[in-house]
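Next up, data36.cif (mmCIF, C-alpha atoms):
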data_run
loop_
_atom_site.label_atom_id
_atom_site.label_comp_id
_atom_site.auth_asym_id
_atom_site.auth_seq_id
_atom_site.Cartn_x
_atom_site.Cartn_y
_atom_site.Cartn_z
CA MET A 1 134.31 54.43 15.48
CA GLN A 2 134.37 53.69 11.78
CA SER A 3 135.18 56.42 9.31
CA SER A 4 132.50 57.40 6.82
CA LEU A 5 134.71 56.02 4.02
CA ALA A 6 134.86 52.61 5.74
CA VAL A 7 131.07 52.62 6.19
CA SER A 8 130.53 53.61 2.54
CA ARG A 9 132.89 50.85 1.44
CA LYS A 10 130.95 48.29 3.48
CA VAL A 11 127.59 49.50 2.17
CA ALA A 12 128.94 49.33 -1.38
CA ALA A 13 130.32 45.84 -0.71
CA ILE A 14 126.93 44.68 0.62
CA ALA A 15 125.17 46.06 -2.48
CA ILE A 16 127.66 44.63 -4.97
CA LEU A 17 128.00 41.20 -3.33
CA SER A 18 124.20 40.84 -2.92
CA ALA A 19 123.71 41.75 -6.59
CA VAL A 20 126.36 39.26 -7.72
CA ALA A 21 124.97 36.52 -5.44
CA LEU A 22 121.45 37.11 -6.73
CA SER A 23 122.40 37.11 -10.39
CA THR A 24 124.39 33.87 -9.99
CA ASP A 25 121.39 32.34 -8.18
CA TYR A 26 119.14 33.08 -11.14
CA ILE A 27 121.77 31.94 -13.67
CA LEU A 28 122.25 28.67 -11.79
CA LEU A 29 118.52 28.07 -11.33
CA PRO A 30 118.46 25.00 -13.63
CA VAL A 31 121.41 23.43 -11.75
CA ALA A 32 119.89 22.05 -8.56
CA ASN A 33 121.86 22.67 -5.35
CA VAL A 34 124.90 24.26 -6.96
CA LYS A 35 125.02 27.86 -5.76
CA LEU A 36 127.73 30.50 -5.87
CA MET A 37 125.76 32.48 -3.28
CA ASP A 38 127.30 30.49 -0.41
CA SER A 39 130.85 31.36 -1.40
CA ILE A 40 129.92 35.02 -2.00
CA VAL A 41 128.41 35.34 1.51
CA PHE A 42 131.53 33.66 2.93
CA LEU A 43 133.76 35.99 0.91
CA GLY A 44 131.90 39.07 2.17
CA SER A 45 132.46 38.03 5.77
CA LEU A 46 136.04 37.00 5.12
CA LEU A 47 136.96 40.37 3.65
CA TYR A 48 134.77 42.81 5.56
CA GLY A 49 133.47 40.94 8.61
CA LEU A 50 130.07 39.78 9.78
CA GLU A 51 128.48 43.19 9.23
CA VAL A 52 128.81 42.59 5.48
CA GLY A 53 128.37 38.79 5.34
CA VAL A 54 125.09 38.68 7.31
CA PRO A 55 123.30 41.43 5.31
CA VAL A 56 124.43 39.82 2.02
CA ALA A 57 122.95 36.49 3.20
CA ALA A 58 119.70 38.13 4.33
CA ILE A 59 119.20 40.39 1.30
CA THR A 60 119.99 37.63 -1.19
CA TRP A 61 117.57 35.16 0.40
CA LEU A 62 114.85 37.79 0.90
CA VAL A 63 114.85 38.53 -2.83
CA TYR A 64 115.64 35.03 -4.15
CA GLY A 65 113.22 33.34 -1.74
CA THR A 66 110.39 35.72 -2.66
CA LEU A 67 110.89 36.34 -6.38
CA ASN A 68 111.63 32.82 -7.50
CA PRO A 69 110.34 31.21 -10.71
CA LEU A 70 110.06 27.90 -8.84
CA GLY A 71 107.77 29.44 -6.24
CA ALA A 72 108.14 31.72 -3.22
CA ASP A 73 109.23 30.27 0.12
CA PRO A 74 106.75 30.50 3.00
CA PRO A 75 107.84 33.02 5.69
CA GLY A 76 108.88 30.33 8.22
CA LEU A 77 111.11 28.56 5.71
CA LEU A 78 112.52 31.88 4.47
CA ILE A 79 113.61 32.85 8.00
CA LEU A 80 115.19 29.42 8.46
CA LEU A 81 117.05 29.72 5.14
CA ILE A 82 118.34 33.20 6.03
CA LEU A 83 119.56 31.94 9.41
CA LEU A 84 121.25 28.95 7.79
CA GLU A 85 122.88 31.11 5.11
CA CYS A 86 124.30 33.21 7.96
CA LEU A 87 126.34 30.12 8.88
CA TYR A 88 128.51 30.88 5.84
CA ALA A 89 128.96 34.44 7.11
CA ILE A 90 129.95 33.19 10.57
CA ALA A 91 132.34 30.67 9.01
CA GLY A 92 133.87 33.44 6.88
CA ALA A 93 134.52 35.57 9.96
CA LEU A 94 136.00 32.62 11.87
CA VAL A 95 138.23 31.56 8.98
CA SER A 96 139.39 35.17 8.55
CA LYS A 97 140.51 35.22 12.22
CA HIS A 98 142.16 31.80 11.78
CA ILE A 99 144.10 32.94 8.70
CA LYS A 100 145.34 36.07 10.46
CA SER A 101 146.53 34.10 13.48
CA SER A 102 148.19 31.24 11.58
CA SER A 103 150.86 31.06 8.93
CA THR A 104 148.82 29.06 6.42
CA ARG A 105 150.26 29.55 2.95
CA THR A 106 147.39 28.48 0.75
CA PRO A 107 144.17 28.11 2.73
CA ASN A 108 142.37 26.35 -0.16
CA LEU A 109 141.57 23.26 1.87
CA THR A 110 140.54 25.29 4.92
CA PHE A 111 138.10 27.19 2.69
CA GLY A 112 136.87 23.97 1.10
CA PHE A 113 136.37 22.30 4.46
CA ALA A 114 134.54 25.35 5.85
CA GLY A 115 132.22 25.35 2.82
CA PHE A 116 131.63 21.62 3.13
CA LEU A 117 130.83 21.80 6.87
CA CYS A 118 128.44 24.72 6.42
CA ALA A 119 126.68 22.90 3.55
CA PHE A 120 126.49 19.74 5.69
CA ILE A 121 124.79 21.57 8.60
CA TYR A 122 122.58 23.50 6.16
CA ASP A 123 121.43 20.26 4.48
CA LEU A 124 120.95 18.47 7.79
CA VAL A 125 118.55 21.16 8.99
CA THR A 126 116.70 21.70 5.69
CA ASN A 127 116.32 17.94 5.06
CA SER A 128 114.97 17.47 8.61
CA TYR A 129 112.54 20.35 7.98
CA SER A 130 111.35 18.75 4.70
CA GLY A 131 111.04 15.36 6.43
CA LEU A 132 108.90 16.84 9.21
CA LEU A 133 106.74 18.61 6.68
CA PHE A 134 106.24 15.97 4.00
CA TYR A 135 106.75 12.44 5.38
CA PRO A 136 104.46 10.32 7.53
CA GLY A 137 105.37 8.56 10.78
CA SER A 138 106.91 9.55 14.08
CA VAL A 139 108.90 12.79 14.40
CA MET A 140 112.21 10.90 14.63
CA TRP A 141 111.45 8.74 11.58
CA ARG A 142 110.37 11.77 9.53
CA ILE A 143 113.67 13.49 10.31
CA VAL A 144 115.67 10.35 9.46
CA GLU A 145 113.75 9.71 6.24
CA GLY A 146 114.00 13.35 5.17
CA ASN A 147 117.75 13.20 5.62
CA ILE A 148 118.19 9.86 3.84
CA LEU A 149 116.07 10.79 0.83
CA GLY A 150 117.85 14.12 0.60
CA ILE A 151 121.31 12.52 0.41
CA PRO A 152 121.80 12.81 -3.39
CA PHE A 153 120.94 16.54 -3.28
CA SER A 154 123.04 17.05 -0.14
CA ILE A 155 126.07 15.40 -1.74
CA LEU A 156 125.72 17.66 -4.79
CA HIS A 157 125.50 20.73 -2.53
CA GLU A 158 128.35 19.72 -0.23
CA VAL A 159 130.75 18.61 -2.97
CA SER A 160 130.06 21.67 -5.12
CA ASP A 161 130.56 23.96 -2.11
CA PHE A 162 133.81 22.17 -1.26
CA ALA A 163 135.06 22.60 -4.84
CA LEU A 164 133.94 26.23 -5.18
CA PHE A 165 135.35 27.23 -1.80
CA ALA A 166 138.64 25.42 -2.34
CA PHE A 167 139.34 26.34 -5.95
CA VAL A 168 137.26 29.37 -7.03
CA LEU A 169 137.16 31.38 -3.81
CA PRO A 170 140.96 31.80 -3.41
CA VAL A 171 141.14 33.23 -6.94
CA ALA A 172 138.28 35.67 -6.25
CA LEU A 173 139.84 36.61 -2.93
CA ARG A 174 143.24 37.34 -4.49
CA THR A 175 141.61 39.53 -7.14
CA LEU A 176 139.47 41.42 -4.63
CA ARG A 177 142.44 42.04 -2.36
CA ILE A 178 144.68 43.30 -5.15
CA LEU A 179 142.04 45.43 -6.89
CA PRO A 180 141.46 48.06 -4.14
CA GLN A 181 145.22 48.46 -3.67
CA ARG A 182 145.72 49.09 -7.40
CA MET A 183 142.78 51.49 -7.48
CA ASP A 184 144.13 53.34 -4.45
CA LYS A 185 147.55 53.61 -6.11
CA LYS A 186 146.05 54.97 -9.34
CA HIS A 187 143.91 57.39 -7.40
CA ASP A 188 146.93 58.48 -5.38
CA VAL A 189 149.00 59.18 -8.52
CA LYS A 190 146.17 61.13 -10.11
CA PHE A 191 145.65 63.08 -6.91
CA ARG A 192 149.33 64.02 -6.74
CA ILE A 193 149.43 65.14 -10.37
CA GLU A 194 146.36 67.26 -9.96
CA ASN A 195 147.86 68.93 -6.93
CA MET B 1 161.45 31.20 13.25
CA SER B 2 163.96 28.33 13.23
CA ASN B 3 164.17 25.84 10.39
CA SER B 4 162.97 22.91 12.51
CA GLU B 5 160.07 24.98 13.84
CA SER B 6 158.88 25.86 10.34
CA LYS B 7 159.23 22.23 9.27
CA THR B 8 157.09 21.09 12.23
CA ARG B 9 154.48 23.72 11.35
CA GLU B 10 154.41 22.62 7.74
CA LYS B 11 154.03 19.00 8.83
CA SER B 12 151.12 19.77 11.15
CA SER B 13 149.50 21.90 8.43
CA ARG B 14 149.74 18.98 5.99
CA LEU B 15 148.30 16.63 8.58
CA LYS B 16 145.41 19.04 9.19
CA ASP B 17 144.75 19.20 5.42
CA ALA B 18 144.78 15.40 5.18
CA VAL B 19 142.33 15.10 8.11
CA MET B 20 139.95 17.62 6.48
CA VAL B 21 139.99 15.76 3.16
CA LEU B 22 139.45 12.43 4.92
CA VAL B 23 136.49 13.79 6.89
CA VAL B 24 134.89 15.04 3.66
CA ILE B 25 135.43 11.68 1.93
CA ALA B 26 134.16 9.73 4.97
CA ILE B 27 130.95 11.77 5.19
CA ILE B 28 130.27 11.48 1.44
CA LEU B 29 130.90 7.73 1.41
CA SER B 30 128.79 7.00 4.49
CA ALA B 31 125.95 9.11 3.10
CA THR B 32 126.09 7.29 -0.25
CA THR B 33 126.13 3.89 1.46
CA THR B 34 123.20 4.81 3.71
CA TYR B 35 121.22 6.04 0.71
CA TYR B 36 121.98 2.92 -1.34
CA TYR B 37 121.06 0.62 1.55
CA TYR B 38 117.81 2.53 2.19
CA GLU B 39 116.80 2.38 -1.48
CA TYR B 40 117.68 -1.34 -1.71
CA SER B 41 115.67 -2.15 1.45
CA SER B 42 112.69 -0.08 0.22
CA LEU B 43 112.76 -1.88 -3.13
CA ARG B 44 112.87 -5.29 -1.41
CA ALA B 45 110.02 -4.27 0.90
CA SER B 46 107.91 -2.94 -1.98
CA LEU B 47 108.28 -6.24 -3.86
CA ARG B 48 107.28 -8.40 -0.89
CA GLY B 49 103.86 -10.01 -1.28
CA THR B 50 103.82 -9.54 -5.05
CA ASN B 51 104.69 -11.91 -7.91
CA VAL B 52 107.09 -11.12 -10.70
CA ARG B 53 107.55 -12.73 -14.11
CA VAL B 54 111.11 -13.48 -15.08
CA SER B 55 112.95 -15.39 -17.80
CA LEU B 56 115.92 -17.52 -16.83
CA GLY B 57 118.23 -18.87 -19.50
CA MET B 58 121.07 -21.35 -19.56
CA GLU B 59 123.69 -21.57 -22.29
CA ILE B 60 126.34 -24.26 -22.49
CA GLY B 61 129.29 -23.23 -24.66
CA ALA B 62 128.05 -21.59 -27.83
CA GLY B 63 124.91 -23.74 -27.83
CA PRO B 64 121.35 -22.42 -27.88
CA ILE B 65 119.94 -20.81 -24.74
CA ALA B 66 117.38 -22.98 -22.91
CA TRP B 67 114.77 -20.66 -21.43
CA SER B 68 112.56 -21.06 -18.35
CA ASN B 69 109.77 -18.50 -18.13
CA MET B 70 108.43 -18.45 -14.60
CA THR B 71 106.54 -16.51 -11.95
CA ILE B 72 108.34 -16.11 -8.65
CA PRO B 73 107.63 -14.24 -5.40
CA GLY B 74 108.70 -10.58 -5.55
CA GLY B 75 111.96 -9.83 -3.76
CA SER B 76 113.49 -13.16 -4.82
CA SER B 77 117.14 -13.27 -5.67
CA LEU B 78 118.57 -14.83 -8.80
CA LEU B 79 119.79 -17.81 -6.76
CA GLN B 80 116.30 -18.39 -5.31
CA ALA B 81 114.82 -18.26 -8.83
CA MET B 82 117.36 -20.83 -10.06
CA GLN B 83 116.41 -23.13 -7.18
CA ASP B 84 112.69 -22.53 -7.89
CA ALA B 85 113.36 -23.58 -11.48
CA GLN B 86 114.63 -26.93 -10.09
CA TRP B 87 118.18 -26.35 -11.30
CA LYS B 88 120.79 -28.33 -9.38
CA VAL B 89 122.97 -25.51 -8.13
CA ASN B 90 126.19 -25.73 -6.13
CA PHE B 91 127.89 -22.66 -4.76
CA THR B 92 130.59 -21.47 -2.39
CA ASN B 93 129.74 -18.80 0.12
CA TYR B 94 132.20 -15.90 0.38
CA GLY B 95 130.63 -14.15 3.37
CA PRO B 96 129.39 -10.63 2.67
CA GLU B 97 130.39 -10.95 -0.99
CA GLY B 98 127.75 -13.63 -1.42
CA ASP B 99 127.38 -17.04 -3.06
CA PHE B 100 129.64 -17.90 -5.98
CA ILE B 101 128.13 -20.48 -8.35
CA THR B 102 130.44 -23.45 -8.90
CA SER B 103 128.16 -25.80 -10.84
CA ILE B 104 124.72 -25.92 -12.44
CA ASN B 105 123.07 -29.20 -13.45
CA GLY B 106 126.41 -31.01 -13.20
CA TRP B 107 128.38 -28.55 -15.34
CA ARG B 108 131.28 -27.76 -13.05
CA ALA B 109 133.51 -24.69 -13.30
CA THR B 110 137.19 -25.68 -13.29
CA THR B 111 140.37 -23.66 -13.50
CA ALA B 112 142.00 -26.61 -15.27
CA ASN B 113 139.84 -26.01 -18.35
CA ASP B 114 139.44 -22.24 -17.80
CA THR B 115 135.68 -22.70 -17.69
CA GLY B 116 133.19 -20.95 -15.45
CA TRP B 117 129.62 -19.81 -14.93
CA LEU B 118 128.72 -16.21 -15.59
CA TYR B 119 125.33 -14.57 -15.70
CA TRP B 120 124.26 -11.86 -18.10
CA GLN B 121 121.32 -9.51 -17.77
CA PHE B 122 119.42 -8.49 -20.89
CA ILE B 123 119.33 -4.71 -21.22
CA GLY B 124 117.64 -4.43 -24.62
CA GLY B 125 118.74 -3.29 -28.05
CA THR B 126 120.27 -5.19 -30.92
CA SER B 127 123.95 -4.81 -30.13
CA ASP B 128 125.69 -4.95 -26.72
CA CYS B 129 122.35 -6.08 -25.36
CA TRP B 130 123.74 -8.02 -22.39
CA THR B 131 125.48 -6.73 -19.31
CA MET B 132 127.60 -9.01 -17.16
CA GLY B 133 126.37 -9.70 -13.63
CA GLN B 134 128.16 -7.50 -11.11
CA VAL B 135 127.07 -9.08 -7.83
CA ALA B 136 126.70 -12.59 -6.41
CA ALA B 137 123.63 -14.57 -7.49
CA ASN B 138 122.05 -14.32 -4.03
CA ALA B 139 122.45 -10.53 -4.01
CA PHE B 140 120.91 -9.94 -7.44
CA LEU B 141 117.28 -8.89 -7.05
CA LEU B 142 114.96 -9.93 -9.88
CA LEU B 143 112.35 -7.42 -10.97
CA ASN B 144 109.24 -7.96 -13.07
CA GLY B 145 110.36 -8.68 -16.64
CA SER B 146 113.98 -9.45 -15.74
CA VAL B 147 115.75 -11.56 -18.36
CA VAL B 148 118.89 -13.27 -17.11
CA THR B 149 120.92 -16.03 -18.67
CA TRP B 150 123.69 -18.17 -17.27
CA SER B 151 126.51 -18.99 -19.59
CA PHE B 152 128.97 -21.84 -19.14
CA SER B 153 131.93 -20.90 -21.25
CA LYS B 154 135.67 -20.89 -21.59
CA TYR B 155 137.11 -17.60 -20.41
CA ASN B 156 140.37 -15.92 -21.35
CA ALA B 157 142.78 -17.12 -18.65
CA THR B 158 144.82 -13.89 -18.86
CA THR B 159 142.13 -11.24 -18.94
CA GLY B 160 139.33 -13.23 -17.34
CA ALA B 161 137.01 -12.08 -20.13
CA ALA B 162 134.21 -14.31 -21.40
CA PRO B 163 132.08 -13.79 -24.51
CA PRO B 164 128.52 -12.47 -23.95
CA PRO B 165 125.57 -14.44 -25.36
CA PRO B 166 124.48 -13.46 -28.87
CA CYS B 167 121.97 -10.60 -29.11
#
Starting from the file, lay out its structure as C-alpha cells.
Amino acid sequence: MQSSLAVSRKVAAIAILSAVALSTDYILLPVANVKLMDSIVFLGSLLYGLEVGVPVAAITWLVYGTLNPLGADPPGLLILLILLECLYAIAGALVSKHIKSSSTRTPNLTFGFAGFLCAFIYDLVTNSYSGLLFYPGSVMWRIVEGNILGIPFSILHEVSDFALFAFVLPVALRTLRILPQRMDKKHDVKFRIEN
Amino acid sequence: MSNSESKTREKSSRLKDAVMVLVVIAIILSATTTYYYYEYSSLRASLRGTNVRVSLGMEIGAGPIAWSNMTIPGGSSLLQAMQDAQWKVNFTNYGPEGDFITSINGWRATTANDTGWLYWQFIGGTSDCWTMGQVAANAFLLLNGSVVTWSFSKYNATTGAAPPPPC
C-alpha cells in the first residue's frame, strides 16, 4: 500500500505536470504540430509510473481539446486523442523499466526513438481518422489519402518529438531527479536544527 | 563485469542506437518520397485534358533569345514542348534520371569545346530572374505561363558553371 506522502506527491505531480503541459500547449498554439505536452506526459510516466502519466494525458486533452481557440474537439475525437496521448504514458512506463534493467549510460536516443514511434502511431491513427471523415472514395482510399496528405504535418510532429525527447527530456529528467533530493536534504538539515 | 563483457555491451548499445536512427531516417525519407510522388501525380492528373500557354526560348552564345509562344496539352514535359515546336532535338537517355539533351537544331554539345545545352526557368524580378533547370527535360512539367529558355553556351570546364541569360 502506498503511503499518504507518496500519494500526495503523485497528486501534486499530476497537477503540476498537467498545468505545465497545458500552458506549453497554449504557448505553442501558433506552431502547428510541435507540442511539449507529449514529452511531459512521457516524463510523468517515466518518473512516477502510469498512474501519473495517464491522468496527465487525460486532463491536458480534456482541457485543451475543449477550451481551444481553434475550436473544441467533438467528443469522439477527444476520446481518441486522449487514448492516443496515453501511448506516450505507456511508452514512458516501458522505457523506465528498460532503463532500470539495462546499463544504458545516456538514453537520449532511446527517448528520441520512443517519442518518434509514439508520434508515428499517433499520426497514423489521426490521419486515417481525418481521411475517413473528410475525403471521398472507398474506406481504404480515404485512409491512404488521409495519411499521404498528412505527411508534412506528421513529419513535423515526429521530428520535433524525436528532437524534444532526445535532447530536452534528458535535461528535464536530470533536473527533476536532483531537485527532490536537494529539497529533502535541505528539509532534513532544517528538521535536525529545529530539533 | 569483465572488460570484454562491458565492451560487448557498449558495442551492442551503439548498434542499437544506429538502428534506431536509421529507422527514423528511413521512415521520414519514405514518407517524403511518397508525398512528393503523390503531389506530382495529382498535378499531372489535374493538368490532363487542359491546354497551357508556354514560352520557349533558344539562345545561342550571347545572342538574342528566339522565342516560340505556344499552346500545348497540359501535363506536357519540356521535351514534348520542344518537339511540338518542331525543334530537331537529340538526347541520350540515362534511365530513371531522364533524357539529357545533346543537340538542338544541329548545335551539338561537345566536351572538346566545353559547350553544352542548359535550360533556365524564368522566375520573375529584374535581377537573378532565371533559375537553372534541375531535372531532365522529359521530367520537367510545364505549367500555364511557364517561361523556359535553352542556352547553348561555353561552360567553365573546372566548375561546370554557365552564365544565365540576361534578365
Expand the PyMOL selection byres ((chain A) within 10 of (chain B)) into the explicit residue set it covers here, and present it as a ChimeraX atom specification.
/A:102-105,107-110,112-114,116-117,120,145,147-152,154-156,158-159,162
Please list as an mmCIF file with C-alpha atoms, keeping the file's coordinate frame every residue within 12 Å of segment 106-115 of chain B, counting all atoms listed in the file and excluding residues in the same chain fewer than 6 positions away.
data_model
loop_
_atom_site.group_PDB
_atom_site.id
_atom_site.type_symbol
_atom_site.label_atom_id
_atom_site.label_comp_id
_atom_site.auth_asym_id
_atom_site.auth_seq_id
_atom_site.Cartn_x
_atom_site.Cartn_y
_atom_site.Cartn_z
ATOM 1 C CA MET B 58 121.070 -21.350 -19.560
ATOM 2 C CA GLU B 59 123.690 -21.570 -22.290
ATOM 3 C CA ILE B 60 126.340 -24.260 -22.490
ATOM 4 C CA GLY B 61 129.290 -23.230 -24.660
ATOM 5 C CA TRP B 87 118.180 -26.350 -11.300
ATOM 6 C CA LYS B 88 120.790 -28.330 -9.380
ATOM 7 C CA VAL B 89 122.970 -25.510 -8.130
ATOM 8 C CA ASN B 90 126.190 -25.730 -6.130
ATOM 9 C CA PHE B 91 127.890 -22.660 -4.760
ATOM 10 C CA THR B 92 130.590 -21.470 -2.390
ATOM 11 C CA PHE B 100 129.640 -17.900 -5.980
ATOM 12 C CA TRP B 150 123.690 -18.170 -17.270
ATOM 13 C CA SER B 151 126.510 -18.990 -19.590
ATOM 14 C CA PHE B 152 128.970 -21.840 -19.140
ATOM 15 C CA SER B 153 131.930 -20.900 -21.250
ATOM 16 C CA LYS B 154 135.670 -20.890 -21.590
ATOM 17 C CA TYR B 155 137.110 -17.600 -20.410
ATOM 18 C CA ASN B 156 140.370 -15.920 -21.350
ATOM 19 C CA ALA B 157 142.780 -17.120 -18.650
ATOM 20 C CA THR B 158 144.820 -13.890 -18.860
ATOM 21 C CA THR B 159 142.130 -11.240 -18.940
ATOM 22 C CA GLY B 160 139.330 -13.230 -17.340
ATOM 23 C CA ALA B 161 137.010 -12.080 -20.130
ATOM 24 C CA ALA B 162 134.210 -14.310 -21.400
ATOM 25 C CA PRO B 163 132.080 -13.790 -24.510
#
Identify all residues satisfying the PyMOL selection byres ((chain A and resi 127-136) around 12) in the given file; provide them as a VMD selection string.
chain A and resid 76 to 77 80 to 81 119 to 126 137 to 154
I want to know what sits within 12 Å of Ser18 of chain A, based on all atoms listed in the file, with residues of the same chain fewer than 6 positions away left out; could you give that as a ChimeraX atom specification?
/A:10-12,24-25,36-44,52-64
Need the axis-aligned box for segment 154-160 of chain A with 3 Å each side, so what are the centre and edges in Å to one decimal, as lines of an AutoDock Vina configuration file?
center_x = 126.9
center_y = 18.5
center_z = -2.6
size_x = 13.7
size_y = 12.3
size_z = 11.0
Calculate how many Å separate atom CA of Val148 of chain B from atom CA of Gly95 of chain B, rounding to one decimal.
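Result for atom CA of Val148 of chain B versus atom CA of Gly95 of chain B: 23.6 Å, one decimal.
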Spatial neighbours of Gly49 of chain B, 12 Å, all atoms listed in the file, chain gap at least 3 places, as a ChimeraX atom specification:
/B:44-46,52,72-76
Just the number, please: distance in Å from atom CA of Val171 of chain A to atom CA of Ser4 of chain A, one decimal.
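We find that atom CA of Val171 of chain A and atom CA of Ser4 of chain A lie 29.1 Å from each other.
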What's the separation between atom CA of Asn51 of chain B and atom CA of Asn144 of chain B, in Å to one decimal place?
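Separating atom CA of Asn51 of chain B from atom CA of Asn144 of chain B is a distance of 7.9 Å.
Distances here use only C-alpha atoms; by that measure, the residue among B:Leu141, B:Gly98, B:Gly57, B:Asp84 closest to Ser41 of chain B is B:Leu141.
In terms of minimum interatomic distance to Arg174 of chain A, A:Leu47 ranks closest within A:Leu70, A:Ile90, A:Leu47, A:Ser3, counting only C-alpha atoms.
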Within 10 Å of Asn69 of chain B using only C-alpha atoms, minus same-chain residues under 2 positions, as a JSON list (two decimals) with C-alpha atoms, in the coordinates of the input:
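Written out: result35.json:
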[["chain", "number", "residue", "atom", "x", "y", "z"],
["B", 53, "ARG", "CA", 107.55, -12.73, -14.11],
["B", 54, "VAL", "CA", 111.11, -13.48, -15.08],
["B", 55, "SER", "CA", 112.95, -15.39, -17.80],
["B", 56, "LEU", "CA", 115.92, -17.52, -16.83],
["B", 57, "GLY", "CA", 118.23, -18.87, -19.50],
["B", 67, "TRP", "CA", 114.77, -20.66, -21.43],
["B", 71, "THR", "CA", 106.54, -16.51, -11.95],
["B", 72, "ILE", "CA", 108.34, -16.11, -8.65],
["B", 85, "ALA", "CA", 113.36, -23.58, -11.48],
["B", 145, "GLY", "CA", 110.36, -8.68, -16.64],
["B", 147, "VAL", "CA", 115.75, -11.56, -18.36]]
